[in-house]
Amino acid sequence: MEQDSGMPLRLVQEGAHTTIPDIECGERQILYDILEPEMSYLEPGAIWSPAYKSGNWDGRIRLLRRLPRKGISFPSGFLSRILPRLRVSGYDPILEDARPAPVSLPRTEWRGYPLRPYQTEGVEALSAVESGILRLPMRAGKTLTAARLIWELELRTLFVVT
């Protein structure tokens with residue numbers, strides 16, 4: 001027996017944020033109530049806030065935003081949690097990818113330090129699989145190894161090292 005697909009709902013992924021555009025006020029509140037639990041968290045220091053103490057704030061940080069023109073916006077990183085929640089709630093989410101096409105960059109020479117044999121072995125092993133974890137001890141060159149792997153696979157990457 002085939003399950004009904006639910007009410008169609010258009011989502012537009014625009015990069016960092018995804019929007020649910022053009023929804024009427026009543027429907028927007030229903031969607032907000034469905035999605036808000038996935039998009040909010042309790043601020044640990046809220047109990048010291050004057051707004052919390054006075055009852056003007058419930059102490060939750062909300063990542064879901066009501067748009068001024070009949071819509072909702074949320075961080076695109078939550079899509080994997082939002083789509084199943086919408087389906088369970090009777091919607092058929094239709095995701096439209098409106099992100100700009102990535103810019104193609106010319107291949108350059110590797111300009112990093114030469115890798116040690118165990119680093120090269122790790123890069124080769126990870127290049128051969130779809131996903132994995134490379135564990136190296138402190139001062140073994142994890143950052144350099146990751147940079148080389150990213151270079152080898154020509155991945156677009158934001159690299160943050162603290």
# chains A, B, ... in the order shown; residues from 1 in each chain; ligands from 1
call {"tool": "select_by_dssp", "arguments": {"residues": "range 68-128 of chain A", "states": "alpha helix (DSSP H)", "output": "PyMOL selection string"}}
result
chain A and resi 79-88+117-127
call {"tool": "select_by_dssp", "arguments": {"residues": "chain A", "states": "strand (DSSP E or B)", "output": "ChimeraX atom specification"}}
result
/A:7-13,17-20,40-42,60-62,65-67,71-75,91-97
call {"tool": "write_last_selection", "arguments": {"atoms": "N, CA and C atoms", "output": "short mmCIF file (atom, residue, chain, number, x, y, z; two decimals), in the first residue's frame"}}
result
data_model
loop_
_atom_site.label_atom_id
_atom_site.label_comp_id
_atom_site.auth_asym_id
_atom_site.auth_seq_id
_atom_site.Cartn_x
_atom_site.Cartn_y
_atom_site.Cartn_z
N MET A 7 1.00 17.27 1.70
CA MET A 7 0.83 18.58 1.06
C MET A 7 2.18 19.11 0.58
N PRO A 8 2.28 19.47 -0.71
CA PRO A 8 3.56 19.98 -1.23
C PRO A 8 3.99 21.25 -0.50
N LEU A 9 5.27 21.33 -0.21
CA LEU A 9 5.82 22.52 0.46
C LEU A 9 7.17 22.84 -0.17
N ARG A 10 7.29 24.03 -0.74
CA ARG A 10 8.51 24.45 -1.44
C ARG A 10 9.51 25.03 -0.45
N LEU A 11 10.75 24.51 -0.49
CA LEU A 11 11.86 25.03 0.28
C LEU A 11 12.93 25.47 -0.70
N VAL A 12 13.56 26.61 -0.46
CA VAL A 12 14.58 27.13 -1.36
C VAL A 12 15.89 27.25 -0.58
N GLN A 13 16.87 26.44 -0.96
CA GLN A 13 18.19 26.48 -0.34
C GLN A 13 19.01 27.53 -1.08
N HIS A 17 21.40 29.79 4.27
CA HIS A 17 20.03 29.71 4.77
C HIS A 17 19.10 29.08 3.75
N THR A 18 18.07 28.44 4.27
CA THR A 18 17.00 27.89 3.46
C THR A 18 15.72 28.61 3.85
N THR A 19 14.90 28.92 2.87
CA THR A 19 13.64 29.59 3.16
C THR A 19 12.47 28.73 2.73
N ILE A 20 11.37 28.94 3.42
CA ILE A 20 10.08 28.41 3.00
C ILE A 20 9.30 29.67 2.63
N SER A 40 15.83 25.45 18.16
CA SER A 40 16.06 26.30 19.34
C SER A 40 16.77 25.49 20.42
N TYR A 41 17.41 26.22 21.30
CA TYR A 41 18.10 25.57 22.41
C TYR A 41 18.10 26.51 23.60
N LEU A 42 18.22 25.94 24.78
CA LEU A 42 18.22 26.73 26.01
C LEU A 42 19.59 27.37 26.20
N ARG A 60 15.41 30.71 25.56
CA ARG A 60 15.77 29.91 24.39
C ARG A 60 16.33 30.79 23.28
N ILE A 61 17.38 30.31 22.62
CA ILE A 61 17.92 30.92 21.42
C ILE A 61 17.22 30.25 20.24
N ARG A 62 16.66 31.04 19.35
CA ARG A 62 15.92 30.51 18.21
C ARG A 62 16.65 30.81 16.90
N ARG A 65 13.57 31.91 11.74
CA ARG A 65 13.17 33.31 11.60
C ARG A 65 11.92 33.43 10.74
N ARG A 66 10.99 34.28 11.20
CA ARG A 66 9.83 34.64 10.38
C ARG A 66 10.29 35.75 9.43
N LEU A 67 10.07 35.54 8.15
CA LEU A 67 10.45 36.56 7.16
C LEU A 67 9.32 37.58 7.04
N GLY A 71 7.10 34.20 4.97
CA GLY A 71 8.01 33.07 4.87
C GLY A 71 8.72 32.77 6.17
N ILE A 72 9.53 31.72 6.13
CA ILE A 72 10.35 31.29 7.26
C ILE A 72 11.74 31.03 6.72
N SER A 73 12.76 31.30 7.52
CA SER A 73 14.15 31.06 7.14
C SER A 73 14.85 30.32 8.27
N PHE A 74 15.78 29.43 7.90
CA PHE A 74 16.57 28.71 8.89
C PHE A 74 17.92 28.33 8.30
N PRO A 75 18.92 28.04 9.14
CA PRO A 75 20.24 27.63 8.63
C PRO A 75 20.14 26.33 7.83
N TYR A 91 3.63 16.96 5.33
CA TYR A 91 4.06 17.78 4.20
C TYR A 91 4.93 16.95 3.26
N ASP A 92 4.97 17.39 2.00
CA ASP A 92 5.86 16.80 1.01
C ASP A 92 6.85 17.89 0.61
N PRO A 93 8.00 17.97 1.32
CA PRO A 93 8.95 19.04 1.02
C PRO A 93 9.60 18.88 -0.34
N ILE A 94 9.59 19.96 -1.12
CA ILE A 94 10.22 19.99 -2.43
C ILE A 94 11.37 20.98 -2.33
N LEU A 95 12.60 20.46 -2.36
CA LEU A 95 13.78 21.30 -2.15
C LEU A 95 14.29 21.84 -3.48
N GLU A 96 14.35 23.15 -3.57
CA GLU A 96 14.88 23.83 -4.75
C GLU A 96 16.26 24.38 -4.41
N ASP A 97 17.26 23.99 -5.17
CA ASP A 97 18.64 24.43 -4.92
C ASP A 97 18.91 25.72 -5.70
#
call {"tool": "residues_around", "arguments": {"residues": "range 134-150 of chain A", "least_positions_apart": "2", "cutoff": "12 Å", "atoms": "only C-alpha atoms", "output": "PyMOL selection string"}}
result
chain A and resi 109-129+131-132+152-162
call {"tool": "residues_around", "arguments": {"residues": "Pro100 in chain A", "least_positions_apart": "2", "cutoff": "10 Å", "atoms": "only C-alpha atoms", "output": "mmCIF file with C-alpha atoms, in the first residue's frame"}}
result
data_model
loop_
_atom_site.group_PDB
_atom_site.id
_atom_site.type_symbol
_atom_site.label_atom_id
_atom_site.label_comp_id
_atom_site.auth_asym_id
_atom_site.auth_seq_id
_atom_site.Cartn_x
_atom_site.Cartn_y
_atom_site.Cartn_z
ATOM 1 C CA GLU A 14 20.071 29.723 -0.989
ATOM 2 C CA GLY A 15 23.412 28.864 0.617
ATOM 3 C CA ASP A 97 18.637 24.429 -4.922
ATOM 4 C CA ALA A 98 19.174 28.147 -5.613
ATOM 5 C CA PRO A 102 30.824 26.931 -7.543
ATOM 6 C CA VAL A 103 33.598 28.799 -9.289
#
call {"tool": "residues_around", "arguments": {"residues": "Gly90 in chain A", "least_positions_apart": "6", "cutoff": "12 Å", "atoms": "only C-alpha atoms", "output": "tab-separated table (two decimals) with N, CA and C atoms, in the first residue's frame"}}
result
chain	number	residue	atom	x	y	z
A	3	GLN	N	1.81	5.15	0.50
A	3	GLN	CA	1.40	6.22	1.39
A	3	GLN	C	1.21	7.51	0.59
A	4	ASP	N	0.19	8.31	0.96
A	4	ASP	CA	0.00	9.60	0.31
A	4	ASP	C	1.21	10.47	0.59
A	5	SER	N	1.56	11.29	-0.40
A	5	SER	CA	2.79	12.06	-0.27
A	5	SER	C	2.65	13.30	0.61
A	6	GLY	N	1.46	13.73	0.92
A	6	GLY	CA	1.29	14.89	1.78
A	6	GLY	C	1.15	16.18	0.99
A	7	MET	N	1.00	17.27	1.70
A	7	MET	CA	0.83	18.58	1.06
A	7	MET	C	2.18	19.11	0.58
A	8	PRO	N	2.28	19.47	-0.71
A	8	PRO	CA	3.56	19.98	-1.23
A	8	PRO	C	3.99	21.25	-0.50
A	9	LEU	N	5.27	21.33	-0.21
A	9	LEU	CA	5.82	22.52	0.46
A	9	LEU	C	7.17	22.84	-0.17
A	30	ILE	N	1.77	27.43	11.88
A	30	ILE	CA	1.76	25.97	12.03
A	30	ILE	C	3.15	25.41	11.74
A	31	LEU	N	3.76	25.85	10.65
A	31	LEU	CA	5.11	25.39	10.29
A	31	LEU	C	6.13	25.82	11.35
A	34	ILE	N	5.92	23.50	14.22
A	34	ILE	CA	6.47	22.17	13.90
A	34	ILE	C	7.99	22.20	13.95
A	83	LEU	N	13.68	18.07	7.01
A	83	LEU	CA	12.91	17.35	5.99
A	83	LEU	C	12.11	16.18	6.57
A	84	PRO	N	12.72	15.31	7.41
A	84	PRO	CA	11.92	14.22	7.99
A	84	PRO	C	10.81	14.74	8.90
call {"tool": "closest_residue", "arguments": {"among": "A:Arg107, A:Arg99, A:Lys70, A:Arg28", "to": "Ala16 in chain A", "atoms": "only C-alpha atoms"}}
result
A:Arg99
call {"tool": "closest_residue", "arguments": {"among": "A:Asp33, A:Ala46, A:Arg87, A:Tyr52", "to": "Leu64 in chain A", "atoms": "only C-alpha atoms"}}
result
A:Asp33
call {"tool": "atom_distance", "arguments": {"atom1": "CA of Ile23 in chain A", "atom2": "CA of Pro37 in chain A"}}
result
19.7 Å
call {"tool": "atom_distance", "arguments": {"atom1": "CA of Arg81 in chain A", "atom2": "CA of Arg69 in chain A"}}
result
24.5 Å
